[in-house]
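This report concerns only the one structure given below.
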Amino acid sequence: MPPRLTFVACAATPAVRAAAFPLDETLDEAGKRDAVKKGEEFRLQSPALTGPETRAIETAALLGLEGVVEPDLRDLDVGRWAGCSLSGVAACEPDALAAWLSDCSAAPHGGESIEALFSRVSIWLQTISTRRGRLIAVTHPAVIRVAVLAAIQAGPGSFWNIDISPLTVVDLTSNGRRWALKSIAS
């Protein structure tokens, strides 16, 4: 049985609702309710791989999944912008934000570039492509965007062309050599 990889994006946090770059924060109350509801609809019975952040681990638990932390599923490191609102960064560092949004090799925040995230997630996908059965990964929209790009063989320059909202479910399949996008559902 070829592997099937189901990604689930973390539920909403206060940073998501405030259009801010996240810290390692807990889910907000609405995010918790939404995750429980999604878990009832989803009815997954597998252990899940999660990013190491609180919001990923919490989302997996509320979905009814036993989470195992996978470091390569960690969120994009936004360096000193973590905890800042997008509008605040735009006001204080407009050139830096513009560079980050237009150049996938830029990391003006002192964290990780989109290219570095793309490399990390692509390598991780290669390492699990020969596994058998269903894998579930509860992680962050940025990680899921990159996984979709890798599956459709698009480059990191297309990163901003995909929108992954909280609790979006993305299914990929593999033939052991390459991944293919099966579905995206919000």
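In the structure tokens, chains take letters A, B, ... by order of appearance, with residues numbered from 1 within each chain and ligands from 1 in the order shown.
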Open item on the list: Report as JSON, numbers by chain all protein, DNA and RNA residues lying within 12 Å of Ser113 of chain A, evaluated on only C-alpha atoms, omitting residues in the same chain fewer than 4 positions from it.
Closed with: {"A": [75, 76, 77, 78, 79, 99, 100, 101, 102, 103, 104, 105, 106, 107, 108, 109, 117, 118, 119, 120, 142, 156, 157, 159]}
Residues from last step as file, N, CA and C atoms, as a PDB file, in the first residue's frame:
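Just written: out09.pdb:
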ATOM      1  N   ASP A  75       7.364  25.154  12.390  1.00  0.00           N
ATOM      2  CA  ASP A  75       6.906  26.290  11.591  1.00  0.00           C
ATOM      3  C   ASP A  75       8.097  27.071  11.042  1.00  0.00           C
ATOM      4  N   LEU A  76       7.822  27.878  10.032  1.00  0.00           N
ATOM      5  CA  LEU A  76       8.803  28.793   9.482  1.00  0.00           C
ATOM      6  C   LEU A  76       9.289  29.717  10.593  1.00  0.00           C
ATOM      7  N   ASP A  77      10.592  29.825  10.757  1.00  0.00           N
ATOM      8  CA  ASP A  77      11.187  30.702  11.766  1.00  0.00           C
ATOM      9  C   ASP A  77      11.194  32.127  11.223  1.00  0.00           C
ATOM     10  N   VAL A  78      10.385  33.001  11.828  1.00  0.00           N
ATOM     11  CA  VAL A  78      10.310  34.391  11.381  1.00  0.00           C
ATOM     12  C   VAL A  78      11.153  35.321  12.251  1.00  0.00           C
ATOM     13  N   GLY A  79      12.092  34.749  12.977  1.00  0.00           N
ATOM     14  CA  GLY A  79      13.068  35.539  13.721  1.00  0.00           C
ATOM     15  C   GLY A  79      12.449  36.606  14.608  1.00  0.00           C
ATOM     16  N   ALA A  99      10.900  42.841   0.679  1.00  0.00           N
ATOM     17  CA  ALA A  99      11.942  41.912   0.219  1.00  0.00           C
ATOM     18  C   ALA A  99      11.565  40.477   0.553  1.00  0.00           C
ATOM     19  N   TRP A 100      11.064  40.255   1.756  1.00  0.00           N
ATOM     20  CA  TRP A 100      10.695  38.910   2.186  1.00  0.00           C
ATOM     21  C   TRP A 100       9.558  38.349   1.342  1.00  0.00           C
ATOM     22  N   LEU A 101       8.590  39.209   0.993  1.00  0.00           N
ATOM     23  CA  LEU A 101       7.445  38.765   0.212  1.00  0.00           C
ATOM     24  C   LEU A 101       7.764  38.572  -1.270  1.00  0.00           C
ATOM     25  N   SER A 102       8.872  39.126  -1.737  1.00  0.00           N
ATOM     26  CA  SER A 102       9.187  39.040  -3.166  1.00  0.00           C
ATOM     27  C   SER A 102      10.420  38.207  -3.487  1.00  0.00           C
ATOM     28  N   ASP A 103      11.236  37.907  -2.497  1.00  0.00           N
ATOM     29  CA  ASP A 103      12.483  37.166  -2.723  1.00  0.00           C
ATOM     30  C   ASP A 103      12.520  35.978  -1.772  1.00  0.00           C
ATOM     31  N   CYS A 104      12.326  34.778  -2.305  1.00  0.00           N
ATOM     32  CA  CYS A 104      12.229  33.595  -1.436  1.00  0.00           C
ATOM     33  C   CYS A 104      13.554  33.230  -0.761  1.00  0.00           C
ATOM     34  N   SER A 105      14.650  33.890  -1.137  1.00  0.00           N
ATOM     35  CA  SER A 105      15.923  33.646  -0.450  1.00  0.00           C
ATOM     36  C   SER A 105      16.158  34.649   0.677  1.00  0.00           C
ATOM     37  N   ALA A 106      15.297  35.655   0.804  1.00  0.00           N
ATOM     38  CA  ALA A 106      15.464  36.702   1.814  1.00  0.00           C
ATOM     39  C   ALA A 106      14.985  36.238   3.187  1.00  0.00           C
ATOM     40  N   ALA A 107      15.703  36.682   4.202  1.00  0.00           N
ATOM     41  CA  ALA A 107      15.308  36.434   5.589  1.00  0.00           C
ATOM     42  C   ALA A 107      15.654  37.668   6.420  1.00  0.00           C
ATOM     43  N   PRO A 108      15.052  38.824   6.098  1.00  0.00           N
ATOM     44  CA  PRO A 108      15.408  40.050   6.788  1.00  0.00           C
ATOM     45  C   PRO A 108      15.046  40.058   8.273  1.00  0.00           C
ATOM     46  N   HIS A 109      14.210  39.125   8.685  1.00  0.00           N
ATOM     47  CA  HIS A 109      13.798  39.006  10.084  1.00  0.00           C
ATOM     48  C   HIS A 109      14.833  38.273  10.925  1.00  0.00           C
ATOM     49  N   LEU A 117      13.060  26.835   4.182  1.00  0.00           N
ATOM     50  CA  LEU A 117      11.899  26.025   4.565  1.00  0.00           C
ATOM     51  C   LEU A 117      11.593  25.006   3.480  1.00  0.00           C
ATOM     52  N   PHE A 118      11.627  25.452   2.221  1.00  0.00           N
ATOM     53  CA  PHE A 118      11.361  24.566   1.089  1.00  0.00           C
ATOM     54  C   PHE A 118      12.341  23.388   1.094  1.00  0.00           C
ATOM     55  N   SER A 119      13.593  23.665   1.313  1.00  0.00           N
ATOM     56  CA  SER A 119      14.607  22.605   1.355  1.00  0.00           C
ATOM     57  C   SER A 119      14.338  21.628   2.499  1.00  0.00           C
ATOM     58  N   ARG A 120      14.074  22.152   3.680  1.00  0.00           N
ATOM     59  CA  ARG A 120      13.835  21.302   4.849  1.00  0.00           C
ATOM     60  C   ARG A 120      12.636  20.381   4.632  1.00  0.00           C
ATOM     61  N   ALA A 142       2.609  27.226   6.610  1.00  0.00           N
ATOM     62  CA  ALA A 142       3.817  27.403   5.799  1.00  0.00           C
ATOM     63  C   ALA A 142       4.413  26.057   5.391  1.00  0.00           C
ATOM     64  N   PRO A 156       9.894  27.317  -4.765  1.00  0.00           N
ATOM     65  CA  PRO A 156       9.564  28.158  -3.619  1.00  0.00           C
ATOM     66  C   PRO A 156       9.015  29.531  -4.013  1.00  0.00           C
ATOM     67  N   GLY A 157       9.272  29.966  -5.234  1.00  0.00           N
ATOM     68  CA  GLY A 157       8.749  31.246  -5.696  1.00  0.00           C
ATOM     69  C   GLY A 157       7.231  31.284  -5.755  1.00  0.00           C
ATOM     70  N   PHE A 159       5.330  30.121  -3.311  1.00  0.00           N
ATOM     71  CA  PHE A 159       4.895  29.978  -1.922  1.00  0.00           C
ATOM     72  C   PHE A 159       3.682  30.840  -1.586  1.00  0.00           C
TER      73      PHE A 159
END
Task: Spatial neighbours of Leu23 of chain A, max dist 9 Å, only C-alpha atoms, sep filter under 3 positions, as a ChimeraX atom specification - done: /A:15,53,82-84
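All residues within segment 35-146 of chain A that the backbone DSSP calculation assigns to strand (DSSP E) are Ala48, Leu49, Thr50, Gly67, Val68, Val69, Arg134, Leu135, Ile136, Ala137, Val138 and Thr139 of chain A.
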Open item on the list: Can you tell me which residues surround Ala180 of chain A at a distance of at most 7 Å, considering only C-alpha atoms, apart from same-chain residues fewer than 6 positions away, and format the answer as a ChimeraX atom specification?
Closed with: /A:151-152,172-174
Requested write-out: N, CA and C atoms of the selected residues, as a CSV table (one decimal), in the first residue's frame:
chain,number,residue,atom,x,y,z
A,151,ALA,N,5.0,18.6,-4.1
A,151,ALA,CA,4.2,17.6,-4.7
A,151,ALA,C,3.9,17.9,-6.2
A,152,ILE,N,3.6,19.2,-6.5
A,152,ILE,CA,3.3,19.6,-7.8
A,152,ILE,C,4.5,20.0,-8.6
A,172,LEU,N,-1.7,14.0,0.3
A,172,LEU,CA,-0.7,13.7,-0.8
A,172,LEU,C,-0.6,12.2,-0.8
A,173,THR,N,-0.2,11.6,-2.0
A,173,THR,CA,0.1,10.2,-2.1
A,173,THR,C,1.4,10.1,-2.8
A,174,SER,N,2.1,9.0,-2.6
A,174,SER,CA,3.4,8.8,-3.1
A,174,SER,C,3.5,7.4,-3.8
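Residue nearest Ile57 of chain A within the list A:Glu41, A:Glu93, A:Asp163, A:Glu25: A:Glu25 [criterion: smallest interatomic distance, only C-alpha atoms].
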Open item on the list: For segment 4-14 of chain A, find every residue with an atom within 6 Å (counting only C-alpha atoms), except residues of its own chain fewer than 2 positions away, and show them as number ranges by chain.
Closed with: A: 16-17, 27-28, 31, 56, 59, 134-141, 166-173
Open item on the list: According to DSSP computed on the backbone, where in segment 19-120 of chain A is there helix (DSSP H, G or I)? Give the residues as a PyMOL selection string.
Closed with: chain A and resi 29-42+54-62+71-73+79-81+86-92+94-102+114-120
Open item on the list: Env of segment 64-74 of chain A: 7 Å cut, atoms = only C-alpha atoms, seq-sep filter 4 positions within chain, self excluded. Answer as a list in words.
Closed with: Gly39, Gln45, Ser46, Pro47, Ala48, Leu49, Thr50, Gly51, Pro52, Glu53, Ile57, Ala60, Arg120, Val121, Trp124, Thr139 and Val143 of chain A
Can you write just those residues out, C-alpha atoms, as a compact mmCIF listing (two decimals), in the first residue's frame?
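New file again_26.txt:
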# COMPACT_ATOMS: atom_id res chain seq x y z
CA GLY A 39 -11.91 15.79 14.99
CA GLN A 45 -7.51 6.61 14.28
CA SER A 46 -3.80 6.99 13.68
CA PRO A 47 -0.96 8.50 15.61
CA ALA A 48 0.07 11.84 14.14
CA LEU A 49 3.38 13.51 13.53
CA THR A 50 3.33 17.10 14.77
CA GLY A 51 5.48 20.16 14.69
CA PRO A 52 7.10 20.84 18.07
CA GLU A 53 5.09 24.00 18.75
CA ILE A 57 0.56 19.44 19.63
CA ALA A 60 -3.49 17.00 17.31
CA ARG A 120 13.84 21.30 4.85
CA VAL A 121 10.31 20.12 4.02
CA TRP A 124 11.62 15.39 4.90
CA THR A 139 1.62 21.24 11.32
CA VAL A 143 4.98 23.78 6.01
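Atom pair atom CA of Ser85 of chain A / atom CA of Leu97 of chain A has a distance of 11.8 Å (rounded to one decimal).
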Open item on the list: Using only C-alpha atoms for the distances, tell me which of A:Leu149, A:Gln126, A:Leu86, A:Ala91 is nearest to Ile114 of chain A.
Closed with: A:Leu149
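For the set A:Pro3, A:Trp160, A:Glu115, A:Ala98, the residue with the smallest atom-to-atom gap to Arg178 of chain A is A:Pro3, counting only C-alpha atoms.
For the choices A:Glu29, A:Trp179, A:Gly111, A:Ser165, the atom-to-atom distance to Leu125 of chain A is smallest for A:Trp179 when using only C-alpha atoms.
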TODO: Provide the atom CA of Lys37 of chain A to atom CA of Leu63 of chain A distance in Å, to one decimal place.
DONE: 8.0 Å
TODO: Grab the atom CA of Val148 of chain A to atom CA of Ala20 of chain A distance for me, in Å with one decimal place.
DONE: 23.3 Å
